[in-house]
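Participant: Enclosed is the structure file run.pdb (PDB, C-alpha atoms and all ligand atoms).
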```
MODEL        1
ATOM      1  CA  MET C 938     -42.891  44.198-104.364
ATOM      2  CA  LYS C 939     -43.890  42.954-100.894
ATOM      3  CA  ASN C 940     -45.497  39.509-100.903
ATOM      4  CA  ASN C 941     -48.025  39.327 -98.065
ATOM      5  CA  ASN C 942     -48.498  35.644 -98.849
ATOM      6  CA  PHE C 943     -44.868  34.738 -98.204
ATOM      7  CA  VAL C 944     -45.545  32.655 -95.076
ATOM      8  CA  LYS C 945     -48.372  30.850 -96.859
ATOM      9  CA  ASP C 946     -46.092  30.177 -99.841
ATOM     10  CA  LEU C 947     -43.382  28.898 -97.512
ATOM     11  CA  ARG C 948     -45.782  26.572 -95.640
ATOM     12  CA  PHE C 949     -47.027  25.227 -98.975
ATOM     13  CA  ARG C 950     -43.474  24.370-100.031
ATOM     14  CA  GLN C 951     -42.685  22.845 -96.629
ATOM     15  CA  GLU C 952     -45.810  20.700 -96.824
ATOM     16  CA  ILE C 953     -44.791  19.255-100.207
ATOM     17  CA  ILE C 954     -41.385  18.300 -98.807
ATOM     18  CA  ASN C 955     -42.951  16.888 -95.618
ATOM     19  CA  GLN C 956     -45.311  14.713 -97.623
ATOM     20  CA  LYS C 957     -42.528  13.345 -99.784
ATOM     21  CA  LEU C 958     -40.311  12.717 -96.738
ATOM     22  CA  SER C 959     -43.130  10.842 -95.007
ATOM     23  CA  MET C 960     -43.121   8.318 -97.856
ATOM     24  CA  ILE C 961     -39.456   7.308 -97.486
ATOM     25  CA  PHE C 962     -39.404   5.083 -94.376
ATOM     26  CA  VAL C 963     -42.711   3.260 -94.293
ATOM     27  CA  ASP C 964     -41.877  -0.165 -92.848
ATOM     28  CA  ASN C 965     -42.645  -1.226 -89.317
ATOM     29  CA  ASP C 966     -39.192  -2.326 -88.178
ATOM     30  CA  ILE C 967     -37.373  -0.303 -85.541
ATOM     31  CA  LEU C 968     -34.842   1.249 -87.948
ATOM     32  CA  SER C 969     -37.591   2.476 -90.294
ATOM     33  CA  LYS C 970     -39.685   3.814 -87.428
ATOM     34  CA  ALA C 971     -36.759   5.610 -85.809
ATOM     35  CA  SER C 972     -35.580   6.968 -89.190
ATOM     36  CA  LYS C 973     -39.047   8.313 -89.889
ATOM     37  CA  TYR C 974     -39.144   9.899 -86.432
ATOM     38  CA  ALA C 975     -35.810  11.614 -87.204
ATOM     39  CA  ILE C 976     -36.944  13.240 -90.420
ATOM     40  CA  ILE C 977     -40.478  14.389 -89.648
ATOM     41  CA  ASN C 978     -41.700  16.796 -86.951
ATOM     42  CA  GLY C 979     -41.022  20.393 -87.628
ATOM     43  CA  GLY C 980     -37.857  20.957 -89.650
ATOM     44  CA  LYS C 981     -37.847  24.188 -91.647
ATOM     45  CA  ARG C 982     -36.884  22.295 -94.838
ATOM     46  CA  LEU C 983     -34.676  25.226 -95.758
ATOM     47  CA  ARG C 984     -32.191  23.231 -97.852
ATOM     48  CA  PRO C 985     -34.652  21.330-100.088
ATOM     49  CA  ILE C 986     -36.690  24.515-100.562
ATOM     50  CA  LEU C 987     -33.574  26.434-101.634
ATOM     51  CA  LEU C 988     -32.645  23.656-104.052
ATOM     52  CA  ILE C 989     -36.090  23.621-105.642
ATOM     53  CA  GLU C 990     -36.262  27.425-105.855
ATOM     54  CA  PHE C 991     -32.901  27.662-107.606
ATOM     55  CA  ALA C 992     -33.833  24.917-110.065
ATOM     56  CA  LYS C 993     -37.147  26.673-110.678
ATOM     57  CA  LEU C 994     -35.411  29.906-111.664
ATOM     58  CA  PHE C 995     -34.163  28.236-114.842
ATOM     59  CA  SER C 996     -36.477  25.350-115.666
ATOM     60  CA  LYS C 997     -39.545  23.327-114.826
ATOM     61  CA  VAL C 998     -39.074  21.276-111.668
ATOM     62  CA  ASN C 999     -39.262  17.543-112.386
ATOM     63  CA  ASN C1000     -39.669  14.685-109.928
ATOM     64  CA  TYR C1001     -35.981  13.897-109.980
ATOM     65  CA  ILE C1002     -35.173  17.399-108.737
ATOM     66  CA  TYR C1003     -37.511  16.782-105.796
ATOM     67  CA  ASP C1004     -35.786  13.456-105.150
ATOM     68  CA  PHE C1005     -32.411  15.183-105.137
ATOM     69  CA  ALA C1006     -33.792  17.737-102.656
ATOM     70  CA  LEU C1007     -34.981  14.893-100.390
ATOM     71  CA  ALA C1008     -31.536  13.281-100.544
ATOM     72  CA  LEU C1009     -30.025  16.576 -99.375
ATOM     73  CA  GLU C1010     -32.549  16.871 -96.526
ATOM     74  CA  LEU C1011     -31.688  13.308 -95.414
ATOM     75  CA  ILE C1012     -28.017  14.279 -95.143
ATOM     76  CA  HIS C1013     -28.948  17.353 -93.099
ATOM     77  CA  ASN C1014     -31.129  15.241 -90.787
ATOM     78  CA  TYR C1015     -28.424  12.601 -90.318
ATOM     79  CA  SER C1016     -26.057  15.357 -89.225
ATOM     80  CA  LEU C1017     -28.591  16.594 -86.662
ATOM     81  CA  VAL C1018     -29.159  13.081 -85.243
ATOM     82  CA  HIS C1019     -25.416  12.561 -84.827
ATOM     83  CA  ASP C1020     -24.842  16.092 -83.561
ATOM     84  CA  ASP C1021     -27.365  15.497 -80.751
ATOM     85  CA  LEU C1022     -25.639  12.317 -79.488
ATOM     86  CA  PRO C1023     -24.204  12.219 -75.955
ATOM     87  CA  SER C1024     -20.660  12.133 -77.394
ATOM     88  CA  MET C1025     -21.343  15.333 -79.367
ATOM     89  CA  ASP C1026     -23.782  18.010 -78.149
ATOM     90  CA  ASN C1027     -25.706  15.702 -75.833
ATOM     91  CA  ASP C1028     -29.090  17.276 -76.505
ATOM     92  CA  ASP C1029     -32.361  15.899 -75.165
ATOM     93  CA  TYR C1030     -34.644  17.834 -77.483
ATOM     94  CA  ARG C1031     -34.664  18.681 -81.184
ATOM     95  CA  ARG C1032     -37.505  20.531 -82.936
ATOM     96  CA  GLY C1033     -39.458  20.417 -79.671
ATOM     97  CA  ASN C1034     -39.364  16.613 -79.464
ATOM     98  CA  LEU C1035     -37.086  14.116 -77.756
ATOM     99  CA  THR C1036     -33.902  13.553 -79.742
ATOM    100  CA  VAL C1037     -33.581  10.214 -81.510
ATOM    101  CA  HIS C1038     -31.183   8.753 -78.909
ATOM    102  CA  LYS C1039     -33.460   9.849 -76.042
ATOM    103  CA  LYS C1040     -36.446   8.213 -77.691
ATOM    104  CA  PHE C1041     -34.849   5.063 -79.160
ATOM    105  CA  GLY C1042     -31.442   4.709 -77.472
ATOM    106  CA  GLU C1043     -27.963   5.726 -78.547
ATOM    107  CA  ASP C1044     -27.229   2.564 -80.519
ATOM    108  CA  ILE C1045     -30.317   3.035 -82.693
ATOM    109  CA  ALA C1046     -29.622   6.776 -83.114
ATOM    110  CA  ILE C1047     -26.140   6.084 -84.501
ATOM    111  CA  LEU C1048     -27.623   3.611 -86.949
ATOM    112  CA  VAL C1049     -30.433   6.018 -87.873
ATOM    113  CA  GLY C1050     -27.824   8.606 -88.853
ATOM    114  CA  ASP C1051     -26.012   5.977 -90.908
ATOM    115  CA  ASN C1052     -29.289   4.903 -92.486
ATOM    116  CA  LEU C1053     -30.261   8.462 -93.485
ATOM    117  CA  LEU C1054     -26.854   9.033 -95.064
ATOM    118  CA  ASN C1055     -26.941   5.744 -96.970
ATOM    119  CA  SER C1056     -30.536   6.278 -98.050
ATOM    120  CA  SER C1057     -29.518   9.646 -99.414
ATOM    121  CA  TYR C1058     -26.819   8.135-101.609
ATOM    122  CA  GLU C1059     -29.165   5.344-102.656
ATOM    123  CA  ILE C1060     -31.607   7.995-103.941
ATOM    124  CA  LEU C1061     -28.797   9.762-105.809
ATOM    125  CA  PHE C1062     -27.464   6.566-107.420
ATOM    126  CA  ASN C1063     -30.985   5.565-108.439
ATOM    127  CA  LEU C1064     -31.403   8.957-110.107
ATOM    128  CA  ILE C1065     -28.106   8.589-111.917
ATOM    129  CA  SER C1066     -29.066   5.160-113.209
ATOM    130  CA  GLN C1067     -32.605   6.150-114.230
ATOM    131  CA  GLU C1068     -32.551   9.700-115.538
ATOM    132  CA  GLU C1069     -31.500  10.986-118.939
ATOM    133  CA  ASN C1070     -30.097  14.175-117.499
ATOM    134  CA  LYS C1071     -27.206  12.187-115.969
ATOM    135  CA  ASP C1072     -24.382  14.676-116.380
ATOM    136  CA  ASN C1073     -26.106  17.327-114.294
ATOM    137  CA  ILE C1074     -27.094  14.823-111.615
ATOM    138  CA  ILE C1075     -23.539  13.477-111.408
ATOM    139  CA  GLU C1076     -22.062  16.981-111.211
ATOM    140  CA  ALA C1077     -24.522  17.997-108.486
ATOM    141  CA  SER C1078     -24.002  14.734-106.554
ATOM    142  CA  LYS C1079     -20.220  15.202-106.595
ATOM    143  CA  TYR C1080     -20.594  18.714-105.220
ATOM    144  CA  LEU C1081     -23.045  17.589-102.544
ATOM    145  CA  ALA C1082     -20.802  14.710-101.423
ATOM    146  CA  ASN C1083     -17.860  17.090-101.199
ATOM    147  CA  LYS C1084     -19.745  19.691 -99.149
ATOM    148  CA  ALA C1085     -21.210  17.047 -96.821
ATOM    149  CA  GLY C1086     -17.834  15.394 -96.297
ATOM    150  CA  LYS C1087     -14.384  16.005 -94.926
ATOM    151  CA  ASN C1088     -13.890  19.295 -96.790
ATOM    152  CA  GLY C1089     -17.274  20.594 -95.695
ATOM    153  CA  MET C1090     -19.741  19.798 -92.939
ATOM    154  CA  ILE C1091     -17.772  17.039 -91.218
ATOM    155  CA  GLU C1092     -14.615  19.146 -91.039
ATOM    156  CA  GLY C1093     -16.756  22.015 -89.749
ATOM    157  CA  GLN C1094     -18.004  19.767 -86.972
ATOM    158  CA  ILE C1095     -14.411  18.754 -86.127
ATOM    159  CA  LEU C1096     -13.376  22.418 -85.916
ATOM    160  CA  ASP C1097     -16.411  23.172 -83.754
ATOM    161  CA  ILE C1098     -15.660  20.311 -81.374
ATOM    162  CA  SER C1099     -12.048  21.508 -81.000
ATOM    163  CA  ASN C1100     -13.476  24.791 -79.626
ATOM    164  CA  ASP C1101     -10.029  26.277 -80.161
ATOM    165  CA  PHE C1102     -10.149  29.612 -81.992
ATOM    166  CA  THR C1103      -7.479  32.290 -81.963
ATOM    167  CA  ASN C1104      -9.461  34.872 -83.936
ATOM    168  CA  SER C1105     -12.966  35.499 -85.260
ATOM    169  CA  GLU C1106     -11.932  34.617 -88.845
ATOM    170  CA  GLU C1107     -11.325  31.054 -87.674
ATOM    171  CA  ILE C1108     -14.868  30.928 -86.303
ATOM    172  CA  LEU C1109     -16.247  32.142 -89.635
ATOM    173  CA  ASN C1110     -14.136  29.496 -91.381
ATOM    174  CA  MET C1111     -15.722  26.862 -89.137
ATOM    175  CA  TYR C1112     -19.190  28.229 -90.066
ATOM    176  CA  ASN C1113     -18.263  28.115 -93.771
ATOM    177  CA  LYS C1114     -17.881  24.384 -93.375
ATOM    178  CA  LYS C1115     -20.338  23.391 -90.690
ATOM    179  CA  THR C1116     -23.301  25.505 -91.782
ATOM    180  CA  CYS C1117     -22.645  27.112 -95.182
ATOM    181  CA  ALA C1118     -21.469  23.938 -96.928
ATOM    182  CA  LEU C1119     -24.880  22.244 -97.149
ATOM    183  CA  ILE C1120     -26.685  25.523 -97.829
ATOM    184  CA  MET C1121     -24.252  26.231-100.684
ATOM    185  CA  ALA C1122     -24.880  22.692-101.941
ATOM    186  CA  ALA C1123     -28.636  23.337-101.881
ATOM    187  CA  CYS C1124     -28.350  26.517-103.968
ATOM    188  CA  LYS C1125     -25.645  25.357-106.357
ATOM    189  CA  CYS C1126     -27.108  21.865-106.951
ATOM    190  CA  GLY C1127     -30.497  23.470-107.629
ATOM    191  CA  ALA C1128     -28.939  25.755-110.248
ATOM    192  CA  ILE C1129     -27.023  22.855-111.826
ATOM    193  CA  LEU C1130     -30.112  20.601-111.955
ATOM    194  CA  GLY C1131     -32.185  23.433-113.387
ATOM    195  CA  ASN C1132     -29.630  23.871-116.198
ATOM    196  CA  GLY C1133     -28.406  27.270-115.081
ATOM    197  CA  ASN C1134     -25.374  28.530-116.989
ATOM    198  CA  ASN C1135     -21.901  28.744-115.394
ATOM    199  CA  LYS C1136     -22.415  32.305-114.207
ATOM    200  CA  GLU C1137     -25.785  31.482-112.683
ATOM    201  CA  VAL C1138     -24.413  28.383-110.932
ATOM    202  CA  LYS C1139     -21.567  30.475-109.493
ATOM    203  CA  LEU C1140     -23.963  33.164-108.286
ATOM    204  CA  ALA C1141     -26.161  30.492-106.651
ATOM    205  CA  GLU C1142     -23.120  29.150-104.790
ATOM    206  CA  GLU C1143     -22.108  32.649-103.643
ATOM    207  CA  PHE C1144     -25.656  33.330-102.513
ATOM    208  CA  GLY C1145     -25.609  30.078-100.493
ATOM    209  CA  HIS C1146     -22.430  31.175 -98.764
ATOM    210  CA  ALA C1147     -23.774  34.618 -97.833
ATOM    211  CA  LEU C1148     -27.105  33.181 -96.685
ATOM    212  CA  GLY C1149     -25.378  30.400 -94.736
ATOM    213  CA  LEU C1150     -23.279  32.876 -92.767
ATOM    214  CA  SER C1151     -26.283  35.136 -92.100
ATOM    215  CA  PHE C1152     -28.284  32.109 -90.970
ATOM    216  CA  GLN C1153     -25.582  30.894 -88.570
ATOM    217  CA  ILE C1154     -24.881  34.357 -87.161
ATOM    218  CA  GLN C1155     -28.616  34.821 -86.530
ATOM    219  CA  ASP C1156     -28.477  31.466 -84.708
ATOM    220  CA  ASP C1157     -25.615  32.835 -82.569
ATOM    221  CA  ILE C1158     -27.591  35.963 -81.765
ATOM    222  CA  LEU C1159     -30.668  33.940 -80.791
ATOM    223  CA  ASP C1160     -28.605  31.642 -78.542
ATOM    224  CA  TYR C1161     -26.310  34.407 -77.249
ATOM    225  CA  GLU C1162     -27.170  34.214 -73.520
ATOM    226  CA  GLU C1163     -27.418  30.424 -73.403
ATOM    227  CA  ASP C1164     -24.115  29.937 -75.299
ATOM    228  CA  LYS C1165     -22.363  32.367 -72.942
ATOM    229  CA  LYS C1166     -23.676  30.470 -69.941
ATOM    230  CA  ILE C1167     -22.385  27.109 -71.186
ATOM    231  CA  GLY C1168     -19.081  28.565 -72.466
ATOM    232  CA  LYS C1169     -19.717  27.755 -76.119
ATOM    233  CA  VAL C1170     -17.618  29.903 -78.442
ATOM    234  CA  THR C1171     -19.603  31.566 -81.231
ATOM    235  CA  PHE C1172     -18.881  34.514 -83.513
ATOM    236  CA  ALA C1173     -21.373  36.600 -81.494
ATOM    237  CA  ASN C1174     -19.892  35.983 -78.067
ATOM    238  CA  TYR C1175     -16.268  35.924 -79.300
ATOM    239  CA  THR C1176     -16.679  39.391 -80.839
ATOM    240  CA  SER C1177     -19.865  41.008 -79.454
ATOM    241  CA  LYS C1178     -23.586  40.800 -80.027
ATOM    242  CA  GLU C1179     -23.495  44.264 -81.670
ATOM    243  CA  ASN C1180     -20.732  43.189 -84.041
ATOM    244  CA  ALA C1181     -22.619  39.998 -84.894
ATOM    245  CA  GLU C1182     -25.713  42.087 -85.716
ATOM    246  CA  LYS C1183     -23.607  44.312 -87.975
ATOM    247  CA  VAL C1184     -21.978  41.369 -89.782
ATOM    248  CA  LEU C1185     -25.383  39.689 -90.135
ATOM    249  CA  VAL C1186     -26.683  42.750 -91.986
ATOM    250  CA  GLU C1187     -23.576  42.792 -94.218
ATOM    251  CA  TYR C1188     -23.975  39.159 -95.274
ATOM    252  CA  SER C1189     -27.729  39.317 -95.717
ATOM    253  CA  ASN C1190     -27.324  42.443 -97.881
ATOM    254  CA  LYS C1191     -24.724  40.556 -99.877
ATOM    255  CA  ALA C1192     -27.205  37.692-100.372
ATOM    256  CA  ILE C1193     -29.916  40.128-101.539
ATOM    257  CA  ASN C1194     -27.480  41.889-103.905
ATOM    258  CA  ILE C1195     -26.555  38.563-105.468
ATOM    259  CA  LEU C1196     -30.244  37.802-106.055
ATOM    260  CA  ASN C1197     -30.568  41.145-107.830
ATOM    261  CA  GLU C1198     -28.049  39.943-110.412
ATOM    262  CA  PHE C1199     -30.489  37.315-111.707
ATOM    263  CA  LYS C1200     -32.852  38.393-114.453
ATOM    264  CA  GLU C1201     -35.373  35.761-113.258
ATOM    265  CA  ASP C1202     -37.982  36.415-110.546
ATOM    266  CA  THR C1203     -36.171  35.922-107.217
ATOM    267  CA  SER C1204     -38.851  37.500-105.009
ATOM    268  CA  PHE C1205     -39.536  34.332-102.991
ATOM    269  CA  LEU C1206     -35.811  33.891-102.289
ATOM    270  CA  ASN C1207     -35.572  37.559-101.382
ATOM    271  CA  ASP C1208     -38.389  37.184 -98.851
ATOM    272  CA  LEU C1209     -36.835  33.969 -97.553
ATOM    273  CA  VAL C1210     -33.562  35.761 -96.707
ATOM    274  CA  LYS C1211     -35.460  38.420 -94.764
ATOM    275  CA  TYR C1212     -37.615  35.817 -93.030
ATOM    276  CA  LEU C1213     -34.585  33.784 -91.916
ATOM    277  CA  ILE C1214     -32.605  36.705 -90.551
ATOM    278  CA  ASN C1215     -35.632  37.977 -88.652
ATOM    279  CA  ARG C1216     -36.606  34.589 -87.232
ATOM    280  CA  THR C1217     -36.927  34.257 -83.479
ATOM    281  CA  ILE C1218     -36.413  30.460 -83.178
TER     282      ILE C1218
HETATM  283  C1  LIG C1301     -22.456  15.304 -86.983
HETATM  284  C2  LIG C1301     -21.265  15.205 -89.218
HETATM  285  C3  LIG C1301     -22.008  15.970 -88.235
HETATM  286  C4  LIG C1301     -22.248  17.254 -88.474
HETATM  287  C5  LIG C1301     -23.077  18.091 -87.639
HETATM  288  C6  LIG C1301     -25.376  20.351 -88.783
HETATM  289  C7  LIG C1301     -24.346  20.110 -87.760
HETATM  290  C8  LIG C1301     -23.070  19.476 -88.167
HETATM  291  C9  LIG C1301     -24.580  20.368 -86.485
HETATM  292  C10 LIG C1301     -25.872  20.871 -85.987
HETATM  293  C11 LIG C1301     -25.679  21.944 -85.018
HETATM  294  C12 LIG C1301     -25.704  23.294 -85.655
HETATM  295  C13 LIG C1301     -26.092  24.415 -84.782
HETATM  296  C14 LIG C1301     -25.359  23.450 -86.896
HETATM  297  C15 LIG C1301     -25.367  24.697 -87.581
HETATM  298  C16 LIG C1301     -26.348  24.643 -88.664
HETATM  299  C17 LIG C1301     -27.710  24.699 -88.131
HETATM  300  C18 LIG C1301     -28.203  25.969 -87.568
HETATM  301  C19 LIG C1301     -28.417  23.595 -88.200
HETATM  302  C20 LIG C1301     -29.830  23.530 -87.908
HETATM  303  O1  LIG C1301     -30.446  23.703 -89.154
HETATM  304  P1  LIG C1301     -31.953  24.141 -89.318
HETATM  305  O2  LIG C1301     -32.227  25.303 -88.406
HETATM  306  O3  LIG C1301     -32.679  22.856 -88.747
HETATM  307  O4  LIG C1301     -32.226  24.321 -90.765
HETATM  308  P2  LIG C1301     -34.159  22.328 -89.039
HETATM  309  O5  LIG C1301     -34.587  21.679 -87.752
HETATM  310  O6  LIG C1301     -35.043  23.486 -89.409
HETATM  311  O7  LIG C1301     -34.029  21.338 -90.143
ENDMDL
END
```
Show this structure as structure tokens.
Facilitator:
Amino acid sequence: MKNNNFVKDLRFRQEIINQKLSMIFVDNDILSKASKYAIINGGKRLRPILLIEFAKLFSKVNNYIYDFALALELIHNYSLVHDDLPSMDNDDYRRGNLTVHKKFGEDIAILVGDNLLNSSYEILFNLISQEENKDNIIEASKYLANKAGKNGMIEGQILDISNDFTNSEEILNMYNKKTCALIMAACKCGAILGNGNNKEVKLAEEFGHALGLSFQIQDDILDYEEDKKIGKVTFANYTSKENAEKVLVEYSNKAINILNEFKEDTSFLNDLVKYLINRTI
């Protein structure tokens, strides 16, 4: 059934995450101010929303699940701050605002990234020490650390920097790590924290992979002309825009088919897939 309120529902979820994020760095020192600047202002909050939605499929969402979702969003935001640095992508703008290094200087931006990453793990360790549901939190934290680390996002960034691909499969492998890893962590950790069974946790992970690839390929399509101009290799300009559009449909259909395997109500997630692959920014 078509949900005409999808955008309203999405904004509502984003607002909850934004409010909780705005309460993390409240002091007046430069590191707190710059860290706050890095995490507010317009992010889609895709990863925490996915985590919460997957947890919600199987159980009531408690505060600690929100805290876990914030920890994940902090890791994502650290990666963006570091990715924007002059030694990486050298971007002046992010989410329509000056990047952290443009606003506060490169030294502070490096430390902001470090601070977001450490704050994330501080949240996770606090949860582990406080909550009764420790086993699930430990299992989800281990998975998140793995996907954020050298077998996931960081290796993906290394492969991307190397810009050395001999076939399109290698580009997809780089996307699996750079983009899919954290999106898979969002979906799988949500299912683990919500007490999904093994099959449900596996399906959540597979969904995250299919959505992650669709999301990145849509990004390629949106940036097609610009990437070509600057000589950046993407799946879309390595193969062709038409092929990228075809593969995007294949992966997004795969994501939708996976959702259909759940007996729970996945209509919001279904709409989210369609919204993301049709986005124009
Ligand atoms: C520096 C360790 C390190 C990793 C960087 C995330 C990343 C790896 C690089 C960012 C550049 C990029 C294009 C990554 C692909 C994933 C992606 C499209 C990230 C942007 O995510 P959105 O669109 O961002 O969810 P918002 O602003 O909505 O939070």
Participant: Would you list the contacts of Ala1181 in chain C as a VMD selection string, taking every protein, DNA or RNA residue within 9 Å and counting only C-alpha atoms, but skipping same-chain residues closer than 2 positions in sequence?
Facilitator: chain C and resid 1154 to 1155 1157 to 1158 1172 to 1174 1176 to 1179 1183 to 1186
Participant: Print the selection's residues with C-alpha atoms to a file, as a compact mmCIF listing (two decimals), in the coordinates of the input.
Facilitator:
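Output (result14.txt):
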```txt
# COMPACT_ATOMS: atom_id res chain seq x y z
CA ILE C 1154 -24.88 34.36 -87.16
CA GLN C 1155 -28.62 34.82 -86.53
CA ASP C 1157 -25.62 32.84 -82.57
CA ILE C 1158 -27.59 35.96 -81.76
CA PHE C 1172 -18.88 34.51 -83.51
CA ALA C 1173 -21.37 36.60 -81.49
CA ASN C 1174 -19.89 35.98 -78.07
CA THR C 1176 -16.68 39.39 -80.84
CA SER C 1177 -19.86 41.01 -79.45
CA LYS C 1178 -23.59 40.80 -80.03
CA GLU C 1179 -23.50 44.26 -81.67
CA LYS C 1183 -23.61 44.31 -87.98
CA VAL C 1184 -21.98 41.37 -89.78
CA LEU C 1185 -25.38 39.69 -90.14
CA VAL C 1186 -26.68 42.75 -91.99
```
Participant: At a cut-off of 8 Å and counting all atoms listed in the file, what residues surround ligand LIG 1301 (chain C)? Please answer as a compact mmCIF listing (two decimals) with C-alpha atoms, keeping the file's coordinate frame.
Facilitator:
```txt
# COMPACT_ATOMS: atom_id res chain seq x y z
CA GLY C 979 -41.02 20.39 -87.63
CA GLY C 980 -37.86 20.96 -89.65
CA LYS C 981 -37.85 24.19 -91.65
CA ARG C 982 -36.88 22.30 -94.84
CA LEU C 983 -34.68 25.23 -95.76
CA ARG C 984 -32.19 23.23 -97.85
CA GLU C 1010 -32.55 16.87 -96.53
CA HIS C 1013 -28.95 17.35 -93.10
CA ASN C 1014 -31.13 15.24 -90.79
CA TYR C 1015 -28.42 12.60 -90.32
CA SER C 1016 -26.06 15.36 -89.22
CA LEU C 1017 -28.59 16.59 -86.66
CA VAL C 1018 -29.16 13.08 -85.24
CA HIS C 1019 -25.42 12.56 -84.83
CA ASP C 1020 -24.84 16.09 -83.56
CA ASP C 1021 -27.36 15.50 -80.75
CA MET C 1025 -21.34 15.33 -79.37
CA ARG C 1031 -34.66 18.68 -81.18
CA ARG C 1032 -37.51 20.53 -82.94
CA ALA C 1085 -21.21 17.05 -96.82
CA GLY C 1086 -17.83 15.39 -96.30
CA MET C 1090 -19.74 19.80 -92.94
CA ILE C 1091 -17.77 17.04 -91.22
CA GLU C 1092 -14.62 19.15 -91.04
CA GLY C 1093 -16.76 22.02 -89.75
CA GLN C 1094 -18.00 19.77 -86.97
CA TYR C 1112 -19.19 28.23 -90.07
CA LYS C 1115 -20.34 23.39 -90.69
CA THR C 1116 -23.30 25.50 -91.78
CA CYS C 1117 -22.64 27.11 -95.18
CA PHE C 1152 -28.28 32.11 -90.97
CA GLN C 1153 -25.58 30.89 -88.57
CA ASP C 1156 -28.48 31.47 -84.71
```
Participant: Pull out every residue that the PyMOL selection byres (((chain C and resi 1123-1139) around 8) and not hetatm) matches in the shown coordinates and put them as an mmCIF file with C-alpha atoms, in the coordinates of the input.
Facilitator:
```cif
data_model
loop_
_atom_site.group_PDB
_atom_site.id
_atom_site.type_symbol
_atom_site.label_atom_id
_atom_site.label_comp_id
_atom_site.auth_asym_id
_atom_site.auth_seq_id
_atom_site.Cartn_x
_atom_site.Cartn_y
_atom_site.Cartn_z
ATOM 1 C CA ARG C 984 -32.191 23.231 -97.852
ATOM 2 C CA PRO C 985 -34.652 21.330 -100.088
ATOM 3 C CA LEU C 987 -33.574 26.434 -101.634
ATOM 4 C CA LEU C 988 -32.645 23.656 -104.052
ATOM 5 C CA ILE C 989 -36.090 23.621 -105.642
ATOM 6 C CA GLU C 990 -36.262 27.425 -105.855
ATOM 7 C CA PHE C 991 -32.901 27.662 -107.606
ATOM 8 C CA ALA C 992 -33.833 24.917 -110.065
ATOM 9 C CA LYS C 993 -37.147 26.673 -110.678
ATOM 10 C CA LEU C 994 -35.411 29.906 -111.664
ATOM 11 C CA PHE C 995 -34.163 28.236 -114.842
ATOM 12 C CA SER C 996 -36.477 25.350 -115.666
ATOM 13 C CA LYS C 997 -39.545 23.327 -114.826
ATOM 14 C CA VAL C 998 -39.074 21.276 -111.668
ATOM 15 C CA ILE C 1002 -35.173 17.399 -108.737
ATOM 16 C CA ALA C 1006 -33.792 17.737 -102.656
ATOM 17 C CA LEU C 1009 -30.025 16.576 -99.375
ATOM 18 C CA ASN C 1073 -26.106 17.327 -114.294
ATOM 19 C CA ILE C 1074 -27.094 14.823 -111.615
ATOM 20 C CA GLU C 1076 -22.062 16.981 -111.211
ATOM 21 C CA ALA C 1077 -24.522 17.997 -108.486
ATOM 22 C CA SER C 1078 -24.002 14.734 -106.554
ATOM 23 C CA TYR C 1080 -20.594 18.714 -105.220
ATOM 24 C CA LEU C 1081 -23.045 17.589 -102.544
ATOM 25 C CA LEU C 1119 -24.880 22.244 -97.149
ATOM 26 C CA ILE C 1120 -26.685 25.523 -97.829
ATOM 27 C CA MET C 1121 -24.252 26.231 -100.684
ATOM 28 C CA ALA C 1122 -24.880 22.692 -101.941
ATOM 29 C CA LEU C 1140 -23.963 33.164 -108.286
ATOM 30 C CA ALA C 1141 -26.161 30.492 -106.651
ATOM 31 C CA GLU C 1142 -23.120 29.150 -104.790
ATOM 32 C CA GLU C 1143 -22.108 32.649 -103.643
ATOM 33 C CA PHE C 1144 -25.656 33.330 -102.513
ATOM 34 C CA GLY C 1145 -25.609 30.078 -100.493
ATOM 35 C CA PHE C 1199 -30.489 37.315 -111.707
#
```
Participant: Taking the file as shown, what set of residues would the PyMOL selection byres (((chain C and resi 1035) around 12) and not hetatm) give back, as a VMD selection string?
Facilitator: chain C and resid 971 974 to 975 978 1018 1021 to 1022 1027 to 1034 1036 to 1042 1046
Participant: Set the distance at 10 Å and use all atoms listed in the file: which residues neighbour Leu1064 in chain C once local chain neighbours fewer than 6 positions away are removed? I'd like the list as a list in words.
Facilitator: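 Skipping anything fewer than 6 positions along the chain leaves Tyr1001, Ile1002, Asp1004, Phe1005, Tyr1058, Asn1070, Lys1071, Ile1074 and Ile1075 of chain C.
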Participant: Counting all atoms listed in the file, which residue out of C:Glu1107, C:Glu1068, C:Asp1097, C:Glu1187 sits closest to Asn999 in chain C?
Facilitator: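 Closest candidate: C:Glu1068.
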Participant: In the coordinates of the file, take the point (-36.0, 34.0, -98.1) and a cut-off of 10 Å; then, counting all atoms listed in the file, name each qualifying protein, DNA or RNA residue as a count of residues only.
Facilitator: 20
Participant: Give one line per residue of range 1050-1108 of chain C that approaches range 953-968 of chain C to at most 10 Å, naming the two atoms of the closest pair and their distance in Å to one decimal, counting all atoms listed in the file; sort by chain then ascending residue number and deliver it as JSON lines.
Facilitator:
```
{"residue": "C:Asn1052", "atom": "CA", "partner": "C:Leu968", "partner_atom": "CA", "distance": 8.0}
{"residue": "C:Leu1053", "atom": "CA", "partner": "C:Phe962", "partner_atom": "CA", "distance": 9.8}
{"residue": "C:Ser1056", "atom": "CA", "partner": "C:Ile961", "partner_atom": "CA", "distance": 9.0}
```
Participant: Could you jot down the CA of Ala1118 in chain C to CA of Gly1050 in chain C separation for me, Å, one decimal place?
Facilitator: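 Taking CA of Ala1118 in chain C and CA of Gly1050 in chain C, their separation equals 18.5 Å.
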Participant: How many Å lie between CA of Gly1089 in chain C and CA of Asn1113 in chain C, rounded to one decimal?
Facilitator: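 Rounded to one decimal, the two atoms are 7.8 Å apart.
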